[in-house]
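Q: Before we start, here is the structure in question, set down as structure tokens.
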Amino acid sequence: MFKSKDLTPALFFSVFVSAFGSAFQHGYHTGVLNAPQELIEEWLRSMVNITSTAEKEETNKHITFIFSLMVSIYCIGGMVGGMLTKFWLGVFGLKWGIFMNNFLVITSAALMGFSHQQGSYVMFIVGRFLVGMNSGLNAGLIPMYLSEIAPVHLRGGVGSFYQLFLTIAILIAQVVSTRETLGREEKWPYLFAIPVIPSIMQVVLLPLCPDSPRHLMGMKKEEEAKKALEWFRHRHTPDVTKELDVLKAEIDAENKMKAINIGEMFSNPLFRKPLAISCLMMIAQQLSGINAVVFYSTSTFKVARLDSQTAQVGTLLMGAMNVAMTIISTLTVDKAGRKTLLIIGFLLMFIDTILLCVCMRVALDYESVPAAYMSIVFLVMFVVFFAIGAGSIPWFLVNELFLPRARTLAVSFAVPINWLANFIVGISFPILQNLVQSYIFLVFAAVQLLFLIYTIFAIPETKNRNIADIASQFGSLEGTGELPPAEQSPSQ
């Protein structure tokens, strides 16, 4: 659990400014199209002249495709942003890379917000793509920044803040998109102006936060790196000389080694094995079914024959529980361990998904009201069990598994894989749901079982372990120039 002396005010301020300002975009745009789906489809329909029943049927299919594209193009943008992480870091650096990323938010908000007025769904789609790029870059940059500013015993908890703020943003999106707020005709375009607020907040406050000490040391700015460490640790570790010396030794060792290329990433077990784990955990996070639930929770409740108001309440309850359980996961991940929480989460998700499928079938086949309401319970519990492990851990696990010199390239692989899996779920779920209805959740259950088994046998525990110690499980460190585990600082 966190202790006040460990999470200093300065460290928390930097975590909040960087993580909330960025994760908000990721979470908000994941959930914002859920409730106003019918309004957006009506807007699309209003731009088409229909003169016959055949044209109406064809138009409805076309509108369904366009809306699915609006949902899923966000993930394509995320893939592109993830692949650009290494390039973006090279151009702007870590802190200022996060800062510059906000201009994609402002541009996308303008395109989506004015698309209704201009009668152009193409503007909307382009805006969704750009904010997807923003989120893909954030998903690579923010966990890296958080892992490099946190002491090792808080690395998991601090890394989980990205997912925590992401879930809060999803809940905010669900609240402001209800019919009682902005989820109404002529009001829904204002939904896409809201993300500009945290973006401006980050633009104003991020310059007050230091850059990553590791990044500064890599740029040979030792004095600035020392000041950054003193900013983050000032109450808990007044003397940062030891941690600074370790950072300097690591950077010196890295400078003597050649850069990691794609060939070595796949041929050297020291990098290939953790890359496989990182990518598979990113796939597990998305193919577990969570974004199918988030993207289409309201329509899923309607499949269980719940009325619109009840479906909306269920969606909001689901979002609230997602936030609550992510808070608990954030507070316990450095105590319980990453692997333990992943195993518990996948196991409970598997059981819950089977029960959800059964309840939805009973609700459909027998028009059972109790079974329909139990579907709400199991969908809410699905989110609870997802938040325990698979929600937050994959985002920072990639930064814990890799030696520093390979981390950026690894992130550039793992983050796009996450978005690709996200895209596959987003584009295919509504089609599959129409074909097989509630049986679609059996597919997710099978995926959860497979990744439960994989987690048990393949994933190492990284709690309270330094990078070199973790890396030594995958291959020999001899000849790499990396510091042996005994020489690593507890604060790294």
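All residue names refer to the structure tokens as shown: chains lettered A, B, ... in order, residues numbered from 1 in each chain, ligands numbered from 1 in order.
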Give the alpha helix (DSSP H) residues of stretch 214-376 of chain A, as assigned by DSSP on the backbone, as a PyMOL selection string.
A: chain A and resi 214-218+222-233+241-255+262-267+269-287+290-303+308-336+338-366+369-376
Q: I'd like the neighbourhood of stretch 441-449 of chain A as an MDAnalysis selection string, where a residue qualifies if any of its atoms comes within 9 Å (using only C-alpha atoms), though same-chain residues fewer than 4 positions away should be ignored.
A: chainID A and resid 284 287:289 346:347 349:354 356:357 437 453:454
Q: Would you save the residues from that selection as a CSV table (one decimal), in the first residue's frame, using C-alpha atoms?
A:
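Dumped to out.csv:
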```csv
chain,number,residue,atom,x,y,z
A,284,ALA,CA,-5.0,-10.4,-23.7
A,287,LEU,CA,-9.4,-9.8,-26.5
A,288,SER,CA,-10.6,-10.4,-23.0
A,289,GLY,CA,-13.7,-8.5,-24.2
A,346,PHE,CA,-8.3,-13.8,-15.6
A,347,LEU,CA,-9.8,-16.7,-13.5
A,349,MET,CA,-13.3,-13.1,-15.6
A,350,PHE,CA,-13.6,-16.5,-17.1
A,351,ILE,CA,-16.2,-17.7,-14.6
A,352,ASP,CA,-18.1,-14.5,-14.8
A,353,THR,CA,-18.2,-14.5,-18.6
A,354,ILE,CA,-19.7,-18.0,-18.7
A,356,LEU,CA,-23.1,-13.8,-18.2
A,357,CYS,CA,-23.6,-15.8,-21.4
A,437,GLN,CA,-26.0,-12.6,-30.0
A,453,ILE,CA,-2.8,-20.6,-18.4
A,454,TYR,CA,-0.1,-18.5,-20.2
```
Q: Could you tell me how far atom CA of A:Tyr162 lies from atom CA of A:Leu141, in Å and to one decimal?
A: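 It comes out at 10.7 Å.
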Q: Atom CA of A:Val204 and atom CA of A:Ser18 are how many Å apart?
A: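 Going from atom CA of A:Val204 over to atom CA of A:Ser18, I get 11.3 Å.
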